[in-house]
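A short write-up of the structure that comes next.
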Amino acid sequence: MKLGVVGPLEIVEKINQIIKSEFHQIKPKIYSYTSVPEIPKLLCDEQPFLDAILFAGETLLSYTEKHSKPIIPWEFIPRSGSSLLQVLLKIALSQHSIYRISSDLYDESTLLETYREIGIKEDQYQIYTVNKRPFDDDFINHVCYFHEYNYLNNRVTCCITALHNVYEKLTSKNIPCFRVDPTSNVIRQTLNKMQLYHLMQVSQGSQIVAISIKIDSPSEYSVFTDDEYQYIIDTTNVAKQIYWFAKRIQAAVIELGKQEFLLFSTKKILENATANFENIDLLLAVKKNTSSTVSIGIGYGSTAQGAKYSAILGMEKASRLGGNSAFIVYDHNKIIGPIHAADSKRQVNLDQKIDKKFLIISEKAGISINTVFNLYSILEQQGKTRFTTAELANLAGVSVRTMNRLLTKLERHGFCFEVGKRVMTGAGRPSRIVEIIIHNH
């Protein structure tokens, strides 16, 4: 655990010594200051490199919160009754009266409770406390004036402060002042609490999450309905996207068949990779790079088996809604969804149900949608976009003359263009090389 420790040098050194001798799993980074307004600058850009920050007092934390937003846990060491008893003992041993004091401790109830516990009745002491107000750049001067006024007007015999800068200023003016510092026991308790909280967060981040993914069945309007070969090719491309996603989230992948996959990752990795599920990029990747869609269920559970059950429940819920979406299942009472691809809108009409990019090319070029899809599948299978006419004709299973007529139609509308020529034999006529760009439409 990487812990930032913020406070006056004397106190942070005390905290550091306790950490080094008793908390070997904590790696402290010390941030000492000479004045409170320095703290936000000290911590600027430091939070991403720490797991938590410990402030030597509540005032320090409150002031820093005004200038910086916590992105990791922040905690302060409280000024407990034991710390106050320690100070009262010092006052008594220094022969100052503990019955007439001024204090800037925010927790006034602790002060009054401590007096009751040592058997001093309310009518026996006179305590002046500073008015609580937001910490600003003039706050230290305000508190110093408060203590100085009470002492110089003989209302108190000494002052109690929780602020290092106040202690230094009053001491320099020879005003009896005693600083309430956290005891070693209170520091230990706070460090224990922070360490346990960190371990709990790490444990939660390591929680197993299951992701159930099903490739949606083609609709009755899809080009896949009459072409099983092309469907297999596209299913392979979907699987490729799923494995890329699994790599990103460091997931173990189990194939449950040609159309279903089960992934196991951790809560922290998955939520970071999807920006807390605001962007499940697998949905968009499948939509952009294939002609299929997927149904996704993300399941949490106290066991891997429970997470798997929740994931399948979410996947089935997405599938019943028509697919191309995800559901997150925490338990039966908390289900979030449907979540769609970042640029996705629900498909509501026939034109949208037919593979839209192929439909546009088919209508513009005046060729069948199945022919367009056949060309698309060749490009995917071969992993390139440039071919000779003869190569394309052979791969498509048509004559060179038929392929030339098809390419001419695509050229007229910007879906294909000639990029060069190749001599196939020593005396033969050069065969033109064309580039097909239906991928981008």
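Residues are referred to by chain and number: the chain letter is A, B, ... according to the order shown in the structure tokens, the number counts from 1 in that chain, and ligands are numbered separately from 1 in the order shown.
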**Report entry** Test item: residues at most 7 Å from stretch 69-80 of chain A, only C-alpha atoms, excluding those fewer than 4 positions along its chain, as a VMD selection string
**Finding:** chain A and resid 47 51 to 58 61 65 84 182 187 190
Query raised in the report: Quick one: residues within 8 Å of A:Gln259, only C-alpha atoms counted, chain neighbours fewer than 5 positions away excluded, as a count of residues only?
Result: 4
From stretch 32-183 of chain A, collect each residue whose DSSP state is helix (DSSP H, G or I) and return the set as a CSV table (one decimal) with N, CA and C atoms, in the first residue's frame.
```csv
chain,number,residue,atom,x,y,z
A,36,VAL,N,0.0,25.7,6.0
A,36,VAL,CA,-1.1,24.9,5.5
A,36,VAL,C,-1.4,25.2,4.0
A,37,PRO,N,-1.4,26.5,3.5
A,37,PRO,CA,-1.7,26.7,2.1
A,37,PRO,C,-0.8,26.0,1.1
A,38,GLU,N,0.4,25.5,1.6
A,38,GLU,CA,1.3,24.8,0.7
A,38,GLU,C,0.8,23.4,0.3
A,39,ILE,N,-0.1,22.9,1.1
A,39,ILE,CA,-0.5,21.5,1.0
A,39,ILE,C,-1.0,21.1,-0.4
A,40,PRO,N,-2.0,21.9,-1.0
A,40,PRO,CA,-2.5,21.5,-2.3
A,40,PRO,C,-1.4,21.4,-3.4
A,41,LYS,N,-0.4,22.3,-3.3
A,41,LYS,CA,0.7,22.3,-4.2
A,41,LYS,C,1.5,21.0,-4.0
A,42,LEU,N,1.7,20.7,-2.8
A,42,LEU,CA,2.5,19.5,-2.5
A,42,LEU,C,1.9,18.2,-3.1
A,43,LEU,N,0.5,18.2,-3.1
A,43,LEU,CA,-0.2,17.0,-3.5
A,43,LEU,C,-0.6,17.0,-5.0
A,47,GLN,N,-1.8,12.1,-6.6
A,47,GLN,CA,-2.8,11.1,-6.2
A,47,GLN,C,-2.7,9.8,-7.1
A,48,PRO,N,-2.5,9.9,-8.4
A,48,PRO,CA,-2.4,8.7,-9.2
A,48,PRO,C,-1.3,7.7,-8.8
A,49,PHE,N,-0.3,8.2,-8.1
A,49,PHE,CA,0.8,7.4,-7.7
A,49,PHE,C,0.7,6.8,-6.2
A,58,GLU,N,-7.7,17.0,11.0
A,58,GLU,CA,-8.9,17.3,10.2
A,58,GLU,C,-8.9,18.6,9.4
A,59,THR,N,-8.3,19.6,10.0
A,59,THR,CA,-8.2,20.9,9.4
A,59,THR,C,-7.4,20.8,8.1
A,60,LEU,N,-6.3,20.1,8.1
A,60,LEU,CA,-5.5,19.9,6.9
A,60,LEU,C,-6.3,19.3,5.8
A,61,LEU,N,-7.1,18.3,6.1
A,61,LEU,CA,-7.9,17.6,5.1
A,61,LEU,C,-9.0,18.5,4.6
A,62,SER,N,-9.7,19.2,5.5
A,62,SER,CA,-10.8,20.1,5.1
A,62,SER,C,-10.3,21.2,4.1
A,63,TYR,N,-9.1,21.8,4.4
A,63,TYR,CA,-8.5,22.8,3.6
A,63,TYR,C,-8.2,22.3,2.2
A,64,THR,N,-7.5,21.1,2.2
A,64,THR,CA,-7.1,20.6,0.9
A,64,THR,C,-8.3,20.2,0.0
A,65,GLU,N,-9.4,19.8,0.6
A,65,GLU,CA,-10.6,19.5,-0.1
A,65,GLU,C,-11.2,20.7,-0.9
A,66,LYS,N,-10.9,21.9,-0.4
A,66,LYS,CA,-11.4,23.1,-1.0
A,66,LYS,C,-10.6,23.3,-2.3
A,67,HIS,N,-9.4,22.8,-2.4
A,67,HIS,CA,-8.6,23.1,-3.6
A,67,HIS,C,-8.3,21.9,-4.5
A,81,GLY,N,-9.6,11.8,22.9
A,81,GLY,CA,-9.5,12.2,24.4
A,81,GLY,C,-8.2,11.9,25.0
A,82,SER,N,-7.5,10.8,24.5
A,82,SER,CA,-6.2,10.5,25.1
A,82,SER,C,-5.2,11.5,24.7
A,83,SER,N,-5.3,12.1,23.5
A,83,SER,CA,-4.4,13.2,23.1
A,83,SER,C,-4.6,14.4,24.0
A,84,LEU,N,-5.8,14.7,24.2
A,84,LEU,CA,-6.1,15.9,25.1
A,84,LEU,C,-5.7,15.7,26.5
A,85,LEU,N,-5.9,14.5,27.1
A,85,LEU,CA,-5.4,14.2,28.4
A,85,LEU,C,-3.9,14.4,28.5
A,86,GLN,N,-3.2,14.0,27.5
A,86,GLN,CA,-1.7,14.1,27.4
A,86,GLN,C,-1.3,15.6,27.5
A,87,VAL,N,-2.1,16.4,26.8
A,87,VAL,CA,-1.8,17.9,26.8
A,87,VAL,C,-2.1,18.5,28.2
A,88,LEU,N,-3.3,18.1,28.8
A,88,LEU,CA,-3.7,18.6,30.1
A,88,LEU,C,-2.6,18.3,31.1
A,89,LEU,N,-2.0,17.1,31.0
A,89,LEU,CA,-1.0,16.6,31.9
A,89,LEU,C,0.2,17.5,31.8
A,90,LYS,N,0.6,17.8,30.5
A,90,LYS,CA,1.7,18.7,30.3
A,90,LYS,C,1.5,20.1,30.9
A,91,ILE,N,0.2,20.6,30.7
A,91,ILE,CA,-0.1,21.9,31.3
A,91,ILE,C,0.1,21.9,32.8
A,92,ALA,N,-0.5,20.9,33.4
A,92,ALA,CA,-0.4,20.8,34.9
A,92,ALA,C,1.0,20.7,35.4
A,93,LEU,N,1.9,19.9,34.7
A,93,LEU,CA,3.3,19.8,35.1
A,93,LEU,C,4.1,21.0,34.8
A,108,GLU,N,-15.2,20.3,20.0
A,108,GLU,CA,-15.4,20.9,21.4
A,108,GLU,C,-16.0,19.9,22.3
A,109,SER,N,-16.8,19.0,21.8
A,109,SER,CA,-17.4,18.0,22.7
A,109,SER,C,-16.4,17.1,23.3
A,110,THR,N,-15.3,16.8,22.6
A,110,THR,CA,-14.2,16.0,23.2
A,110,THR,C,-13.5,16.7,24.3
A,111,LEU,N,-13.4,18.0,24.2
A,111,LEU,CA,-12.8,18.8,25.2
A,111,LEU,C,-13.6,18.8,26.5
A,112,LEU,N,-14.9,19.0,26.4
A,112,LEU,CA,-15.8,19.0,27.5
A,112,LEU,C,-15.9,17.6,28.2
A,113,GLU,N,-16.0,16.6,27.3
A,113,GLU,CA,-16.1,15.2,27.8
A,113,GLU,C,-14.9,14.8,28.6
A,114,THR,N,-13.7,15.2,28.2
A,114,THR,CA,-12.4,14.9,28.9
A,114,THR,C,-12.4,15.6,30.3
A,115,TYR,N,-12.9,16.8,30.3
A,115,TYR,CA,-12.9,17.4,31.7
A,115,TYR,C,-13.9,16.7,32.6
A,116,ARG,N,-15.0,16.2,32.1
A,116,ARG,CA,-15.9,15.5,32.9
A,116,ARG,C,-15.3,14.2,33.4
A,117,GLU,N,-14.6,13.5,32.5
A,117,GLU,CA,-14.0,12.2,32.9
A,117,GLU,C,-12.9,12.3,33.9
A,122,GLU,N,-18.4,21.6,35.5
A,122,GLU,CA,-18.5,22.7,34.5
A,122,GLU,C,-18.3,24.1,35.2
A,123,ASP,N,-18.7,24.2,36.4
A,123,ASP,CA,-18.6,25.5,37.1
A,123,ASP,C,-17.2,25.8,37.6
A,124,GLN,N,-16.3,24.8,37.4
A,124,GLN,CA,-14.9,24.9,38.0
A,124,GLN,C,-13.9,25.4,36.9
A,139,PHE,N,-7.2,32.2,8.1
A,139,PHE,CA,-7.6,31.5,9.2
A,139,PHE,C,-6.6,31.4,10.3
A,140,ILE,N,-5.3,31.2,10.0
A,140,ILE,CA,-4.3,31.1,11.0
A,140,ILE,C,-4.2,32.4,11.8
A,141,ASN,N,-4.2,33.5,11.1
A,141,ASN,CA,-4.2,34.8,11.8
A,141,ASN,C,-5.4,35.0,12.7
A,142,HIS,N,-6.5,34.6,12.2
A,142,HIS,CA,-7.8,34.7,13.0
A,142,HIS,C,-7.6,33.9,14.3
A,143,VAL,N,-7.1,32.7,14.2
A,143,VAL,CA,-7.0,31.9,15.4
A,143,VAL,C,-5.9,32.4,16.4
A,144,CYS,N,-4.8,32.9,15.8
A,144,CYS,CA,-3.8,33.5,16.6
A,144,CYS,C,-4.3,34.7,17.4
A,145,TYR,N,-5.0,35.6,16.7
A,145,TYR,CA,-5.6,36.8,17.3
A,145,TYR,C,-6.6,36.3,18.5
A,146,PHE,N,-7.3,35.3,18.2
A,146,PHE,CA,-8.3,34.8,19.3
A,146,PHE,C,-7.5,34.4,20.5
A,147,HIS,N,-6.5,33.6,20.4
A,147,HIS,CA,-5.7,33.2,21.6
A,147,HIS,C,-5.0,34.3,22.2
A,148,GLU,N,-4.4,35.1,21.4
A,148,GLU,CA,-3.6,36.3,21.9
A,148,GLU,C,-4.5,37.2,22.7
A,149,TYR,N,-5.7,37.5,22.2
A,149,TYR,CA,-6.6,38.4,22.9
A,149,TYR,C,-7.0,37.8,24.2
A,150,ASN,N,-7.3,36.6,24.3
A,150,ASN,CA,-7.7,36.0,25.6
A,150,ASN,C,-6.6,36.0,26.6
A,151,TYR,N,-5.4,35.7,26.1
A,151,TYR,CA,-4.3,35.7,27.1
A,151,TYR,C,-3.9,37.1,27.6
A,152,LEU,N,-3.8,38.0,26.6
A,152,LEU,CA,-3.4,39.4,27.0
A,152,LEU,C,-4.4,40.1,27.9
A,164,HIS,N,-0.2,23.6,13.8
A,164,HIS,CA,1.2,23.7,14.0
A,164,HIS,C,1.6,25.2,13.8
A,165,ASN,N,1.1,25.9,12.8
A,165,ASN,CA,1.5,27.3,12.5
A,165,ASN,C,1.0,28.2,13.7
A,166,VAL,N,-0.1,27.9,14.3
A,166,VAL,CA,-0.6,28.7,15.4
A,166,VAL,C,0.4,28.5,16.6
A,167,TYR,N,0.7,27.3,16.8
A,167,TYR,CA,1.7,27.0,17.9
A,167,TYR,C,3.0,27.7,17.8
A,168,GLU,N,3.5,27.8,16.5
A,168,GLU,CA,4.8,28.4,16.3
A,168,GLU,C,4.7,30.0,16.5
A,169,LYS,N,3.6,30.5,16.0
A,169,LYS,CA,3.4,32.0,16.1
A,169,LYS,C,3.2,32.4,17.5
A,170,LEU,N,2.4,31.7,18.3
A,170,LEU,CA,2.1,32.1,19.7
A,170,LEU,C,3.4,31.9,20.5
A,171,THR,N,4.1,30.8,20.3
A,171,THR,CA,5.3,30.5,21.1
A,171,THR,C,6.4,31.6,20.8
A,172,SER,N,6.4,32.1,19.6
A,172,SER,CA,7.4,33.2,19.2
A,172,SER,C,7.1,34.5,20.0
```
Requested in this report: Could you give me, as an MDAnalysis selection string, each residue of stretch 54-161 of chain A that DSSP assigns to strand (DSSP E) when run on this structure's backbone?
Outcome: chainID A and resid 54:55 74:76 100:103 126:129 158:161
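The nearest approach to A:Leu196 among the residues A:Tyr330, A:Phe373, A:Phe23, A:Phe387, with only C-alpha atoms taken into account, belongs to A:Phe23.
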Query raised in the report: Hey, what's within 7 Å of A:Val286 if we count only C-alpha atoms and toss same-chain stuff fewer than 5 positions away? As a PyMOL selection string, please?
Result: chain A and resi 238+241+292-293
Query raised in the report: Closest to A:Lys287 among A:Glu255, A:Lys357, A:Gly314, A:Lys247, using only C-alpha atoms?
Result: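 Among the listed residues, A:Lys357 lies closest to A:Lys287.
Using only C-alpha atoms, the smallest distance between any of A:His198, A:Gln17, A:Asn192, A:Ser102 and A:Leu50 comes from A:His198.
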Report task. Choose the residue, out of A:Glu411, A:Ile249, A:Asn394, A:Lys308, that has the smallest atom-to-atom separation from A:Ile361; count only C-alpha atoms. Result ->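 Of A:Glu411, A:Ile249, A:Asn394, A:Lys308, the one nearest A:Ile361 is A:Glu411, counting only C-alpha atoms.
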